[in-house]
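Have a look at start.pdb below; it lists PDB, C-alpha atoms, pLDDT in the B column.
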```pdb
ATOM      1  CA  MET L  18    -153.414 -64.466  63.977  1.00 51.00           C
ATOM      2  CA  LYS L  19    -154.272 -61.418  65.933  1.00 55.00           C
ATOM      3  CA  HIS L  20    -155.067 -58.141  64.207  1.00 54.00           C
ATOM      4  CA  SER L  21    -153.416 -55.206  65.915  1.00 53.00           C
ATOM      5  CA  ARG L  22    -154.054 -51.541  65.408  1.00 52.00           C
ATOM      6  CA  LYS L  23    -151.391 -48.940  65.367  1.00 53.00           C
ATOM      7  CA  LYS L  24    -151.728 -45.945  67.599  1.00 52.00           C
ATOM      8  CA  SER L  25    -151.771 -43.566  64.613  1.00 54.00           C
ATOM      9  CA  ASP L  26    -154.793 -45.381  63.115  1.00 62.00           C
ATOM     10  CA  GLY L  27    -156.836 -44.423  66.183  1.00 66.00           C
ATOM     11  CA  LYS L  28    -156.031 -40.733  65.806  1.00 74.00           C
ATOM     12  CA  HIS L  29    -156.891 -40.910  62.139  1.00 74.00           C
ATOM     13  CA  TYR L  30    -160.167 -42.656  62.918  1.00 79.00           C
ATOM     14  CA  ASN L  31    -161.078 -40.045  65.560  1.00 83.00           C
ATOM     15  CA  LEU L  32    -160.318 -37.206  63.162  1.00 80.00           C
ATOM     16  CA  ILE L  33    -162.577 -38.706  60.483  1.00 83.00           C
ATOM     17  CA  ARG L  34    -165.362 -39.198  63.050  1.00 82.00           C
ATOM     18  CA  LYS L  35    -165.099 -35.546  64.128  1.00 76.00           C
ATOM     19  CA  LEU L  36    -165.177 -34.326  60.532  1.00 73.00           C
ATOM     20  CA  LEU L  37    -168.244 -36.430  59.763  1.00 77.00           C
ATOM     21  CA  ARG L  38    -169.972 -35.156  62.905  1.00 74.00           C
ATOM     22  CA  PHE L  39    -169.115 -31.554  61.898  1.00 66.00           C
ATOM     23  CA  GLN L  40    -170.503 -32.164  58.410  1.00 69.00           C
ATOM     24  CA  ARG L  41    -173.822 -33.461  59.780  1.00 70.00           C
ATOM     25  CA  ASN L  42    -174.214 -30.531  62.195  1.00 67.00           C
ATOM     26  CA  LYS L  43    -176.054 -27.770  60.271  1.00 70.00           C
ATOM     27  CA  LYS L  44    -176.547 -25.346  63.167  1.00 73.00           C
ATOM     28  CA  GLY L  45    -175.277 -21.872  62.322  1.00 73.00           C
ATOM     29  CA  ILE L  46    -174.545 -22.548  58.676  1.00 77.00           C
ATOM     30  CA  ALA L  47    -177.119 -19.978  57.515  1.00 76.00           C
ATOM     31  CA  ALA L  48    -175.443 -17.305  59.637  1.00 77.00           C
ATOM     32  CA  VAL L  49    -172.041 -18.140  58.181  1.00 81.00           C
ATOM     33  CA  GLU L  50    -173.370 -18.109  54.619  1.00 83.00           C
ATOM     34  CA  PHE L  51    -175.161 -14.798  55.248  1.00 87.00           C
ATOM     35  CA  ALA L  52    -171.969 -13.281  56.682  1.00 89.00           C
ATOM     36  CA  ILE L  53    -170.130 -14.244  53.516  1.00 92.00           C
ATOM     37  CA  ILE L  54    -172.798 -13.065  51.049  1.00 94.00           C
ATOM     38  CA  ALA L  55    -174.316 -10.052  52.875  1.00 93.00           C
ATOM     39  CA  PRO L  56    -171.675  -7.398  52.029  1.00 91.00           C
ATOM     40  CA  VAL L  57    -171.885  -8.170  48.310  1.00 91.00           C
ATOM     41  CA  PHE L  58    -175.682  -8.311  48.420  1.00 92.00           C
ATOM     42  CA  PHE L  59    -176.082  -4.985  50.247  1.00 91.00           C
ATOM     43  CA  PHE L  60    -173.497  -3.236  48.071  1.00 86.00           C
ATOM     44  CA  THR L  61    -175.343  -4.407  44.963  1.00 88.00           C
ATOM     45  CA  LEU L  62    -178.704  -3.394  46.412  1.00 91.00           C
ATOM     46  CA  ILE L  63    -177.513   0.104  47.395  1.00 88.00           C
ATOM     47  CA  SER L  64    -175.838   0.560  44.012  1.00 84.00           C
ATOM     48  CA  ILE L  65    -179.074  -0.367  42.229  1.00 90.00           C
ATOM     49  CA  ILE L  66    -181.036   2.090  44.374  1.00 91.00           C
ATOM     50  CA  GLU L  67    -178.522   4.878  43.713  1.00 86.00           C
ATOM     51  CA  THR L  68    -178.535   4.185  39.976  1.00 86.00           C
ATOM     52  CA  GLY L  69    -182.317   4.442  40.030  1.00 92.00           C
ATOM     53  CA  LEU L  70    -182.169   7.764  41.880  1.00 90.00           C
ATOM     54  CA  ILE L  71    -179.637   9.109  39.369  1.00 89.00           C
ATOM     55  CA  GLN L  72    -181.901   8.104  36.484  1.00 92.00           C
ATOM     56  CA  LEU L  73    -184.967   9.604  38.188  1.00 93.00           C
ATOM     57  CA  SER L  74    -183.117  12.861  38.865  1.00 92.00           C
ATOM     58  CA  SER L  75    -181.803  13.000  35.321  1.00 93.00           C
ATOM     59  CA  ARG L  76    -185.297  12.523  33.953  1.00 94.00           C
ATOM     60  CA  SER L  77    -186.607  15.241  36.280  1.00 93.00           C
ATOM     61  CA  MET L  78    -183.967  17.605  34.882  1.00 95.00           C
ATOM     62  CA  ASP L  79    -184.956  16.679  31.310  1.00 95.00           C
ATOM     63  CA  ILE L  80    -188.589  17.477  32.043  1.00 94.00           C
ATOM     64  CA  GLY L  81    -187.633  20.780  33.692  1.00 94.00           C
ATOM     65  CA  VAL L  82    -185.487  21.791  30.710  1.00 95.00           C
ATOM     66  CA  GLU L  83    -188.313  20.884  28.357  1.00 95.00           C
ATOM     67  CA  LYS L  84    -190.907  22.921  30.294  1.00 94.00           C
ATOM     68  CA  ILE L  85    -188.694  25.956  30.875  1.00 95.00           C
ATOM     69  CA  GLY L  86    -187.429  25.765  27.295  1.00 95.00           C
ATOM     70  CA  ARG L  87    -191.016  26.001  26.099  1.00 95.00           C
ATOM     71  CA  LEU L  88    -191.559  29.131  28.222  1.00 94.00           C
ATOM     72  CA  ILE L  89    -188.392  30.707  26.792  1.00 94.00           C
ATOM     73  CA  ARG L  90    -189.267  29.698  23.229  1.00 94.00           C
ATOM     74  CA  THR L  91    -192.690  31.353  23.443  1.00 93.00           C
ATOM     75  CA  GLY L  92    -191.339  34.507  25.122  1.00 91.00           C
ATOM     76  CA  GLN L  93    -193.197  34.041  28.417  1.00 91.00           C
ATOM     77  CA  ILE L  94    -190.162  34.368  30.717  1.00 88.00           C
ATOM     78  CA  ASN L  95    -187.578  36.182  28.596  1.00 80.00           C
ATOM     79  CA  SER L  96    -187.669  39.446  30.546  1.00 82.00           C
ATOM     80  CA  ILE L  97    -187.111  38.109  34.071  1.00 89.00           C
ATOM     81  CA  SER L  98    -183.966  38.331  36.200  1.00 90.00           C
ATOM     82  CA  LYS L  99    -181.477  35.524  36.803  1.00 90.00           C
ATOM     83  CA  ALA L 100    -182.789  35.039  40.372  1.00 90.00           C
ATOM     84  CA  LYS L 101    -186.408  34.809  39.180  1.00 92.00           C
ATOM     85  CA  PHE L 102    -185.334  32.381  36.475  1.00 92.00           C
ATOM     86  CA  ARG L 103    -183.713  30.155  39.141  1.00 91.00           C
ATOM     87  CA  GLU L 104    -186.938  30.235  41.158  1.00 91.00           C
ATOM     88  CA  GLU L 105    -188.993  29.247  38.109  1.00 91.00           C
ATOM     89  CA  LEU L 106    -186.521  26.478  37.294  1.00 92.00           C
ATOM     90  CA  CYS L 107    -186.645  25.103  40.834  1.00 91.00           C
ATOM     91  CA  LYS L 108    -190.419  24.718  40.580  1.00 90.00           C
ATOM     92  CA  HIS L 109    -189.960  22.246  37.734  1.00 89.00           C
ATOM     93  CA  VAL L 110    -186.837  20.374  38.911  1.00 89.00           C
ATOM     94  CA  ARG L 111    -187.191  19.040  42.419  1.00 78.00           C
ATOM     95  CA  THR L 112    -186.751  15.277  42.593  1.00 77.00           C
ATOM     96  CA  PHE L 113    -183.740  14.440  44.808  1.00 80.00           C
ATOM     97  CA  ILE L 114    -181.926  17.533  43.560  1.00 87.00           C
ATOM     98  CA  SER L 115    -180.838  20.466  45.687  1.00 87.00           C
ATOM     99  CA  CYS L 116    -181.825  23.580  43.768  1.00 88.00           C
ATOM    100  CA  ASP L 117    -178.859  25.453  45.271  1.00 86.00           C
ATOM    101  CA  LYS L 118    -176.455  23.175  43.392  1.00 86.00           C
ATOM    102  CA  LEU L 119    -178.087  23.511  39.985  1.00 89.00           C
ATOM    103  CA  VAL L 120    -176.019  25.261  37.327  1.00 89.00           C
ATOM    104  CA  PHE L 121    -177.886  26.596  34.330  1.00 92.00           C
ATOM    105  CA  GLN L 122    -176.911  28.366  31.160  1.00 92.00           C
ATOM    106  CA  VAL L 123    -179.333  30.194  28.900  1.00 93.00           C
ATOM    107  CA  LEU L 124    -177.323  31.639  26.030  1.00 92.00           C
ATOM    108  CA  SER L 125    -178.453  33.372  22.823  1.00 92.00           C
ATOM    109  CA  PHE L 126    -176.692  32.967  19.461  1.00 91.00           C
ATOM    110  CA  ASP L 127    -176.963  34.198  15.901  1.00 88.00           C
ATOM    111  CA  SER L 128    -176.534  30.745  14.380  1.00 89.00           C
ATOM    112  CA  PHE L 129    -176.754  27.085  15.323  1.00 90.00           C
ATOM    113  CA  LYS L 130    -173.064  26.680  14.449  1.00 90.00           C
ATOM    114  CA  LYS L 131    -172.007  29.204  17.112  1.00 89.00           C
ATOM    115  CA  ALA L 132    -174.250  27.495  19.656  1.00 87.00           C
ATOM    116  CA  ASN L 133    -172.645  24.149  18.839  1.00 85.00           C
ATOM    117  CA  GLU L 134    -169.168  25.575  19.554  1.00 86.00           C
ATOM    118  CA  GLN L 135    -170.133  26.569  23.105  1.00 82.00           C
ATOM    119  CA  LYS L 136    -168.198  24.484  25.655  1.00 81.00           C
ATOM    120  CA  ILE L 137    -169.618  22.919  28.797  1.00 76.00           C
ATOM    121  CA  PRO L 138    -168.172  24.380  32.037  1.00 72.00           C
ATOM    122  CA  ARG L 139    -165.560  22.112  33.613  1.00 67.00           C
ATOM    123  CA  LEU L 140    -165.595  20.873  37.169  1.00 59.00           C
ATOM    124  CA  THR L 141    -163.073  22.095  39.684  1.00 58.00           C
ATOM    125  CA  GLY L 142    -161.893  19.962  42.612  1.00 57.00           C
ATOM    126  CA  SER L 143    -164.977  20.586  44.711  1.00 60.00           C
ATOM    127  CA  GLY L 144    -167.522  20.823  41.916  1.00 56.00           C
ATOM    128  CA  PHE L 145    -168.583  23.936  40.111  1.00 60.00           C
ATOM    129  CA  ALA L 146    -166.879  27.090  41.342  1.00 61.00           C
ATOM    130  CA  SER L 147    -170.265  28.186  42.598  1.00 68.00           C
ATOM    131  CA  PRO L 148    -173.651  27.466  41.055  1.00 69.00           C
ATOM    132  CA  GLN L 149    -174.500  31.165  41.084  1.00 69.00           C
ATOM    133  CA  SER L 150    -171.274  32.284  39.359  1.00 72.00           C
ATOM    134  CA  ALA L 151    -171.170  29.375  36.899  1.00 77.00           C
ATOM    135  CA  SER L 152    -174.783  29.965  35.897  1.00 85.00           C
ATOM    136  CA  ALA L 153    -175.465  32.273  32.976  1.00 88.00           C
ATOM    137  CA  TYR L 154    -178.713  33.813  31.841  1.00 90.00           C
ATOM    138  CA  GLN L 155    -179.146  35.955  28.741  1.00 90.00           C
ATOM    139  CA  THR L 156    -182.492  37.257  27.640  1.00 89.00           C
ATOM    140  CA  SER L 157    -183.436  36.416  24.087  1.00 90.00           C
ATOM    141  CA  GLY L 158    -185.673  37.898  21.466  1.00 90.00           C
ATOM    142  CA  PRO L 159    -187.959  36.553  18.752  1.00 93.00           C
ATOM    143  CA  LYS L 160    -186.334  34.033  16.394  1.00 92.00           C
ATOM    144  CA  ASP L 161    -183.113  33.970  18.465  1.00 93.00           C
ATOM    145  CA  ILE L 162    -181.283  30.669  18.762  1.00 94.00           C
ATOM    146  CA  VAL L 163    -181.107  29.660  22.411  1.00 94.00           C
ATOM    147  CA  LEU L 164    -178.984  27.044  24.131  1.00 94.00           C
ATOM    148  CA  PHE L 165    -180.385  26.016  27.506  1.00 95.00           C
ATOM    149  CA  ARG L 166    -178.259  23.697  29.659  1.00 93.00           C
ATOM    150  CA  LEU L 167    -178.873  22.418  33.142  1.00 93.00           C
ATOM    151  CA  MET L 168    -176.098  20.727  35.141  1.00 91.00           C
ATOM    152  CA  TYR L 169    -175.974  19.095  38.550  1.00 90.00           C
ATOM    153  CA  LYS L 170    -173.079  17.486  40.391  1.00 85.00           C
ATOM    154  CA  TRP L 171    -174.327  14.224  41.895  1.00 84.00           C
ATOM    155  CA  GLU L 172    -172.843  13.273  45.262  1.00 80.00           C
ATOM    156  CA  SER L 173    -172.625   9.501  45.531  1.00 80.00           C
ATOM    157  CA  PHE L 174    -173.813   7.980  48.810  1.00 78.00           C
ATOM    158  CA  THR L 175    -172.491   4.502  48.045  1.00 74.00           C
ATOM    159  CA  PRO L 176    -169.215   4.372  50.020  1.00 65.00           C
ATOM    160  CA  GLN L 177    -167.330   2.173  47.560  1.00 62.00           C
ATOM    161  CA  LEU L 178    -168.228   4.512  44.693  1.00 59.00           C
ATOM    162  CA  LYS L 179    -166.751   7.471  46.605  1.00 60.00           C
ATOM    163  CA  SER L 180    -163.312   6.001  47.086  1.00 58.00           C
ATOM    164  CA  GLY L 181    -160.575   4.377  45.087  1.00 56.00           C
ATOM    165  CA  ARG L 182    -160.690   4.335  41.349  1.00 56.00           C
ATOM    166  CA  PHE L 183    -164.399   5.195  41.304  1.00 55.00           C
ATOM    167  CA  SER L 184    -163.891   8.646  42.819  1.00 56.00           C
ATOM    168  CA  ARG L 185    -164.974  10.501  39.668  1.00 60.00           C
ATOM    169  CA  ARG L 186    -167.722  13.025  40.056  1.00 67.00           C
ATOM    170  CA  TYR L 187    -171.025  12.409  38.361  1.00 78.00           C
ATOM    171  CA  VAL L 188    -172.435  15.371  36.473  1.00 84.00           C
ATOM    172  CA  LEU L 189    -175.992  15.146  35.284  1.00 90.00           C
ATOM    173  CA  LEU L 190    -176.531  17.239  32.167  1.00 91.00           C
ATOM    174  CA  SER L 191    -179.674  18.126  30.303  1.00 94.00           C
ATOM    175  CA  SER L 192    -179.754  20.515  27.376  1.00 94.00           C
ATOM    176  CA  ASN L 193    -182.052  21.949  24.767  1.00 95.00           C
ATOM    177  CA  LEU L 194    -181.159  23.922  21.639  1.00 94.00           C
ATOM    178  CA  PHE L 195    -183.988  25.711  19.878  1.00 95.00           C
ATOM    179  CA  GLN L 196    -185.032  28.759  17.927  1.00 95.00           C
ATOM    180  CA  ASN L 197    -187.493  31.117  19.568  1.00 94.00           C
ATOM    181  CA  GLU L 198    -190.888  31.589  18.015  1.00 94.00           C
ATOM    182  CA  PRO L 199    -191.706  34.999  16.501  1.00 93.00           C
ATOM    183  CA  PHE L 200    -193.403  36.271  19.668  1.00 87.00           C
ATOM    184  CA  PRO L 201    -194.394  39.956  19.941  1.00 81.00           C
TER     185      PRO L 201
END
```

Produce structure tokens that represent the structure in this file.
Amino acid sequence: MKHSRKKSDGKHYNLIRKLLRFQRNKKGIAAVEFAIIAPVFFFTLISIIETGLIQLSSRSMDIGVEKIGRLIRTGQINSISKAKFREELCKHVRTFISCDKLVFQVLSFDSFKKANEQKIPRLTGSGFASPQSASAYQTSGPKDIVLFRLMYKWESFTPQLKSGRFSRRYVLLSSNLFQNEPFP
């Protein structure tokens, strides 16, 4: 008895041969895999870098508030103007932060309770109304209670964090509440 093949079996056989040949051919697979994984990898990498910069900038602001707060607390810079205060502040806060966009508040109070009731300025659509107008500087005397806040609106450079549901603005905030020493 003769064994005969159907015509459809030949097409099926050819298709399986082509698939097996395609499976054995590894040329270009790395490029295809990289094309699939690269966008996720680079987005994650850029997000990690930006998060690090935010943390570094926040820490720089904390250090600046600590140093300037010490100068206020000891009475070394209590009689300077708002412009001179901004200059002094900019010397201590410089890492990845534009000094023009810094908003500061130095406010004096009679009690810690009144200082605690002080509200943080809110953001408008484009950020603070203006860093110069939103900033406040009051001179303080010996044993005054002083609230010193420093704020900065962080502009995200990661494209996906700028759009969609992640379009919130990041505000870095550093503050210090203290009582001045009895300086002369």

Pick from L:Tyr187, L:Phe113, L:Phe200, L:Phe165 nearest to Leu70 (chain L), counting all atoms listed in the file: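 Closest to Leu70 (chain L) of all the choices is L:Phe113.
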
Output check: residues returned by the PyMOL selection byres ((chain L and resi 191) around 9), as a PyMOL selection string: chain L and resi 75-76+78-79+82+165-168+189-190+192-193

Target residues per the PyMOL selection byres ((chain L and resi 92-102) around 9), formatted as number ranges by chain: L: 85, 87-91, 103-107, 152-159, 197-201

Among listed residues L:Tyr169, L:Phe174, L:Phe58, L:Phe126, nearest Gln196 (chain L) (using all atoms listed in the file):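 Residue with the minimum atom-to-atom distance to Gln196 (chain L): L:Phe126.
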
Once 6 Å is added on each side, what centre and edge lengths in Å to one decimal does the axis-aligned box around all listed atoms of region 193-197 of chain L have, as JSON?
```
{"center_x": -184.3, "center_y": 26.5, "center_z": 21.3, "size_x": 18.3, "size_y": 21.2, "size_z": 18.8}
```

Gap from CA of Ser150 (chain L) to CA of Leu164 (chain L) - Å, one decimal: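 Separating CA of Ser150 (chain L) from CA of Leu164 (chain L) is a distance of 17.9 Å.
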
Between CA of Ser173 (chain L) and CA of Ser64 (chain L), distance in Å (one decimal): 9.6 Å

Point-to-point distance in Å for CA of Ser74 (chain L) and CA of Val163 (chain L): 23.6 Å

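Nearest-residue note for Phe195 (chain L): choosing from L:Ala132, L:Leu73, L:Val120, L:Leu62, the minimum distance belongs to L:Ala132, counting all atoms listed in the file.
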
Resolved residues for the PyMOL selection byres ((chain L and resi 136) around 12) as an MDAnalysis selection string: chainID L and resid 122 124 131:135 137:139 164 166

Closest of L:Leu32, L:Cys116, L:Val123, L:Ile71 to Leu194 (chain L) - atom-to-atom distances counting all atoms listed in the file: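 Of all the options, L:Val123 lies closest to Leu194 (chain L).
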